[in-house]
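**Q** I have a structure here, written as structure tokens, and I will follow up with some questions on it.
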Amino acid sequence: MANSESPSHLSIHCGREDTEKNLIRQEQPSSSRGGWSAAIFIIFVEMAERFAYYGTAGNLITYLTNELHEPIPMAAKNVNTWVGVSSLLPIIGAFVADAFLGRFNTILGSSIIYCFALIMLTLTVSIMPRHYRKEMFFVSLYLLAIGQGGHKPCVQTFAADQFDEDSPEEKKAKSSFFNWWYMGIVVGASTATLAVIYVQDNVGWAAGFGILTGAMVVALVLFLLGYKRYRKQGPLGSPFTKVVQVLVAAARKRCVDGTLMTGFGVYKDDESQHDTRRTLAHTSQYRCLDKAMIIDQLDASSMTRNPWRLCSQNQVEQVKLVLRLIPIWLCCLMFAVVQSFSVTFFTKQGSTMVRSIARKITGHSSGITTLRRIGIGLFVSIFTMVVSALVEAKRVRIARDQNLLDNPKTVVPMRVWWLIPQYMICGLSDVFTFVGLQEFFYDQMPEEMRSMGAAAYLSAIGVGNFLSNAIISVVQEISSMHGEKWLGNNINRAHLDSFYWVIAALGTLNLCVYVFVAKLFVYKKFEAQEANKEKELT
């Protein structure tokens with residue numbers, strides 16, 4: 001690859017880039033801050049937030065059907081819609097954090113909104129008049145989604161930022177951070193599933209939501225207690241601007257002939273020439289974008305660089321990173337569809353059975369690449385649907401033998417413990433896929449867009465929930481054309497087992513596509529790493 005630099009374009013500078021770099025340097029981490037002593041505070045904050053979220057989402061369909069008297073299909077769609085919106089709003093939250101507020105301020109503001117929303121939920125289910133309750137419940141629910149929209153994409157990235165990648169010791173510590181991070185999520189979610197949902201069902205909804213409110217208030221206090229320990233970084237500017245600049249520059253030079261070896265060379269900003277550890281190596285994928293960094297006659301004759309016509313190699317490679325992540329993102333949508341059933345149809349299955357405490361059991365994985373870890377999770381999620389279909393078929397068979405098919409509110413003489421295998425497998429697939437996705441999107445995203453990376457994996461969950469709604473609607477429509485609807489309000493005659501088999505088949509097809517895409521994926525490379533490899537070969 002050419003790297004010639006003539007005097008005419010050595011003087012090319014961009015004031016905006018210099019300003020952003022200076023801002024980053026001003027916020028460089030000090031040795032007295034960060035590390036595990038700071039990250040541990042943020043892990044406990046995330047544990048409390050997940051406790052509050054799963055305490056709300058885990059039993060939401062029960063409140064909608066039993067207290068607000070919604071039909072099961074409508075309630076399932078409302079839950080999926082809320083989860084979907086909650087998972088898509090982090091894209092906006094990440095943009096606000098990266099472009100305007102910074103991660104710390106975004107987390108602080110969104111946590112306050114989160115607490116206020118939980119207070120509103122508690123008051124709504126306790127003292128709100130019934131004729132206003134449904135409207136206020138959904139207002140409070142979506143206000144909570146707004147709070148999560150700012151909290152979720154920033155808190156994990158902010159915690160990971162506490163480890164300095166230039167320090168070998170802290171870089172090694174970061175390698176285990178994501179596993180411990182997910183352990184905190186599992187502890188928070190499992191505790192909510194065990195304790196809060198029990199309180200909601202047996203003590204009262206006000207008590208249940210009150211516990212969640214208290215947990216988030218404690219989380220906010222914990223977050224503020226660690227203030228002096230944190231490494232904080234200011235806003236880095238809009239991540240979308242740099243992406244669009246590359247696309248526009250490549251389009252404007254679409255008619256430029258030749259390769260990177262022609263013309264006046266390739267534009268590299270001053271910092272990348274001196275620090276190859278941070279400079280992304282050139283890759284051959286999406287070569288049409290390479291024209292954005294070729295210096296032509298017009299660029300060379302200009303005293304100032306037009307960022308909408310000439311972009312640095314690093315900027316072009318950053319856009320390539322983002323584009324390479326999109327196919328992986330698409331392949332994770334079916335996984336999100338499967339996970340959506342854990343707070344909808346799984347819960348309604350359990351409500352018809354002899355109940356005691358159900359639980360998720362998860363573990364850790366190590367020693368494999370993130371793409372393989374995600375692939376294992378997608379594979380395991382297929383078995384979630386297979387086991388769910390078999391258990392549901394047995395439940396319906398018992399209901400038929402006991403003449404309970406037309407009595408959906410009557411408890412079927414079958415222990416709720418039968419649901420444990422599907423929750424266990426669901427939790428196992430969570431460990432592989434969610435840990436893999438979090439680490440994958442954090443690691444492969446450009447450094448300036450890591451909040452967006454966290455939002456990207458969350459948005460896959462959100463779109464997956466909307467996709468789940470679409471699948472439910474299609475199944476409802478097709479099944480009604482050929483007899484009885486599969487997903488009717490009477491769960492005993494809803495053919496839920498057949499629906500699970502359809503999802504298992506779609507998951508298998510999705511896994512095949514994922515394997516193909518993963519084999520073509522190129523991991524992030526830096527010029528320094530490539531240079532070291534060349535030295536080793538010689």
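Chain lettering (A, B, ...) mirrors the order of the structure tokens, residue numbering begins at 1 for each chain separately, and ligand numbering begins at 1 in order of display.
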List as a PyMOL selection string the protein and nucleic acid residues near A:Met445, meaning an atom at most 10 Å away when only C-alpha atoms are counted, but skip any in the same chain fewer than 2 places from it.
**A** chain A and resi 318-322+324-325+440-443+447-454+456+524
**Q** Which of stretch 145-299 of chain A end up as alpha helix (DSSP H) when DSSP is run on this backbone - answer as a PyMOL selection string?
**A** chain A and resi 145-160+168-191+197-202+205-225+239-252+270-274+297-299
**Q** Quick one: distance from atom CA of A:Gln162 to atom CA of A:Met47 in Å, one decimal?
**A**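 So the two atoms, atom CA of A:Gln162 and atom CA of A:Met47, lie 17.5 Å apart.
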**Q** Find the residue from A:Ile376, A:Leu224, A:Met183, A:Val125 that sits nearest to A:Gln200; use only C-alpha atoms when measuring.
**A**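 Among A:Ile376, A:Leu224, A:Met183, A:Val125, it is A:Val125 that comes nearest to A:Gln200.
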**Q** Quick check, in Å to one decimal: how far apart do atom CA of A:Leu405 and atom CA of A:Ala389 lie?
**A**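 Taking atom CA of A:Leu405 and atom CA of A:Ala389, their separation equals 17.3 Å.
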**Q** At a cut-off of 8 Å, using only C-alpha atoms, what residues contact A:Gly208? Leave out same-chain residues fewer than 6 positions from it and give the result as number ranges by chain.
**A** A: 55, 196-197, 199-200
**Q** What does the structure give for the distance between atom CA of A:Lys232 and atom CA of A:Pro153, in Å to one decimal?
**A**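 Value for the atom CA of A:Lys232-atom CA of A:Pro153 distance: 15.4 Å.
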**Q** Contacts between stretch 490-500 of chain A and stretch 386-411 of chain A, please, where a residue of stretch 386-411 of chain A counts if it comes within 8 Å (with only C-alpha atoms); show its shortest atom pair and distance in Å to one decimal, rows by chain and ascending number, as CSV.
**A**
```
residue,atom,partner,partner_atom,distance
A:Val386,CA,A:Tyr500,CA,7.0
A:Ser388,CA,A:Tyr500,CA,6.8
A:Ala389,CA,A:Asp497,CA,4.2
A:Leu390,CA,A:Asp497,CA,6.9
A:Glu392,CA,A:Asp497,CA,5.4
A:Ala393,CA,A:Asp497,CA,5.7
A:Val396,CA,A:Asn492,CA,5.9
A:Ala399,CA,A:Asn492,CA,7.2
A:Leu404,CA,A:Asn492,CA,7.9
A:Leu405,CA,A:Asn492,CA,5.2
A:Asp406,CA,A:Asn492,CA,7.2
A:Asn407,CA,A:Asn492,CA,7.9
A:Pro408,CA,A:Asn490,CA,5.6
```
**Q** A:Gly109, A:Gly375, A:Gly214, A:Pro71: which is nearest A:Val517, counting only C-alpha atoms?
**A** A:Gly375
**Q** From the set A:Gln444, A:Ser110, A:Gln233, A:Ser479, which residue has the shortest atom-to-atom contact distance to A:Leu220, counting only C-alpha atoms?
**A**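 Looking at the shortest contact to A:Leu220, the residue is A:Ser110.
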**Q** Enumerate as a PyMOL selection string all residues of stretch 190-429 of chain A assigned to strand (DSSP E or B) by DSSP on the backbone, naming them with the chain letters and numbers the document uses.
**A** chain A and resi 266+280+294+353-354+412-415
**Q** Applying 7 Å and only C-alpha atoms, which residues near stretch 73-89 of chain A remain after dropping the ones on its own chain fewer than 4 positions away? List them as an MDAnalysis selection string.
**A** chainID A and resid 60:61 64:65 93 145:146 148:149 340 344 458:459 461:463 465:466 469 487:489
**Q** Store the residues picked out above in a file with N, CA and C atoms, as a tab-separated table (two decimals), in the first residue's frame.
**A**
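See selection.tsv below for the written result:
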```
chain	number	residue	atom	x	y	z
A	60	LEU	N	-44.24	-9.11	33.57
A	60	LEU	CA	-45.07	-8.08	32.96
A	60	LEU	C	-46.30	-8.65	32.29
A	61	ILE	N	-46.15	-9.78	31.61
A	61	ILE	CA	-47.30	-10.36	30.91
A	61	ILE	C	-48.38	-10.80	31.90
A	64	LEU	N	-50.36	-7.66	32.77
A	64	LEU	CA	-51.21	-7.24	31.66
A	64	LEU	C	-52.43	-8.12	31.49
A	65	THR	N	-52.27	-9.42	31.71
A	65	THR	CA	-53.40	-10.34	31.51
A	65	THR	C	-54.31	-10.40	32.75
A	93	GLY	N	-29.39	6.97	23.00
A	93	GLY	CA	-28.60	7.25	24.20
A	93	GLY	C	-27.11	7.25	23.92
A	145	ALA	N	-38.20	2.85	29.88
A	145	ALA	CA	-37.44	2.50	28.67
A	145	ALA	C	-36.51	3.64	28.27
A	146	ILE	N	-36.95	4.89	28.44
A	146	ILE	CA	-36.09	6.04	28.13
A	146	ILE	C	-34.89	6.06	29.06
A	148	GLN	N	-33.53	3.50	30.57
A	148	GLN	CA	-32.63	2.42	30.17
A	148	GLN	C	-31.89	2.77	28.88
A	149	GLY	N	-32.53	3.54	28.00
A	149	GLY	CA	-31.93	3.93	26.74
A	149	GLY	C	-30.64	4.71	26.91
A	340	SER	N	-37.08	-13.77	23.66
A	340	SER	CA	-38.29	-13.01	23.99
A	340	SER	C	-39.36	-13.88	24.61
A	344	THR	N	-42.63	-14.08	27.96
A	344	THR	CA	-44.01	-14.06	27.45
A	344	THR	C	-44.63	-15.46	27.60
A	458	LEU	N	-27.53	-4.30	21.72
A	458	LEU	CA	-28.85	-4.17	22.35
A	458	LEU	C	-29.95	-3.99	21.30
A	459	SER	N	-29.62	-3.27	20.23
A	459	SER	CA	-30.63	-3.06	19.19
A	459	SER	C	-31.00	-4.37	18.50
A	461	ILE	N	-31.42	-7.12	20.06
A	461	ILE	CA	-32.47	-7.64	20.93
A	461	ILE	C	-33.79	-6.94	20.64
A	462	GLY	N	-33.73	-5.61	20.47
A	462	GLY	CA	-34.95	-4.85	20.20
A	462	GLY	C	-35.60	-5.24	18.89
A	463	VAL	N	-34.81	-5.28	17.82
A	463	VAL	CA	-35.36	-5.67	16.52
A	463	VAL	C	-35.84	-7.11	16.56
A	465	ASN	N	-37.23	-8.59	19.07
A	465	ASN	CA	-38.55	-8.60	19.70
A	465	ASN	C	-39.63	-8.14	18.73
A	466	PHE	N	-39.32	-7.13	17.90
A	466	PHE	CA	-40.29	-6.74	16.87
A	466	PHE	C	-40.46	-7.84	15.84
A	469	ASN	N	-42.85	-10.26	17.21
A	469	ASN	CA	-44.23	-9.80	16.98
A	469	ASN	C	-44.69	-10.14	15.57
A	487	LEU	N	-52.19	-19.46	18.33
A	487	LEU	CA	-51.86	-18.70	19.53
A	487	LEU	C	-53.07	-17.95	20.05
A	488	GLY	N	-54.13	-18.69	20.34
A	488	GLY	CA	-55.34	-18.10	20.86
A	488	GLY	C	-55.23	-17.78	22.34
A	489	ASN	N	-56.29	-17.22	22.90
A	489	ASN	CA	-56.29	-16.81	24.31
A	489	ASN	C	-56.33	-18.01	25.25
```
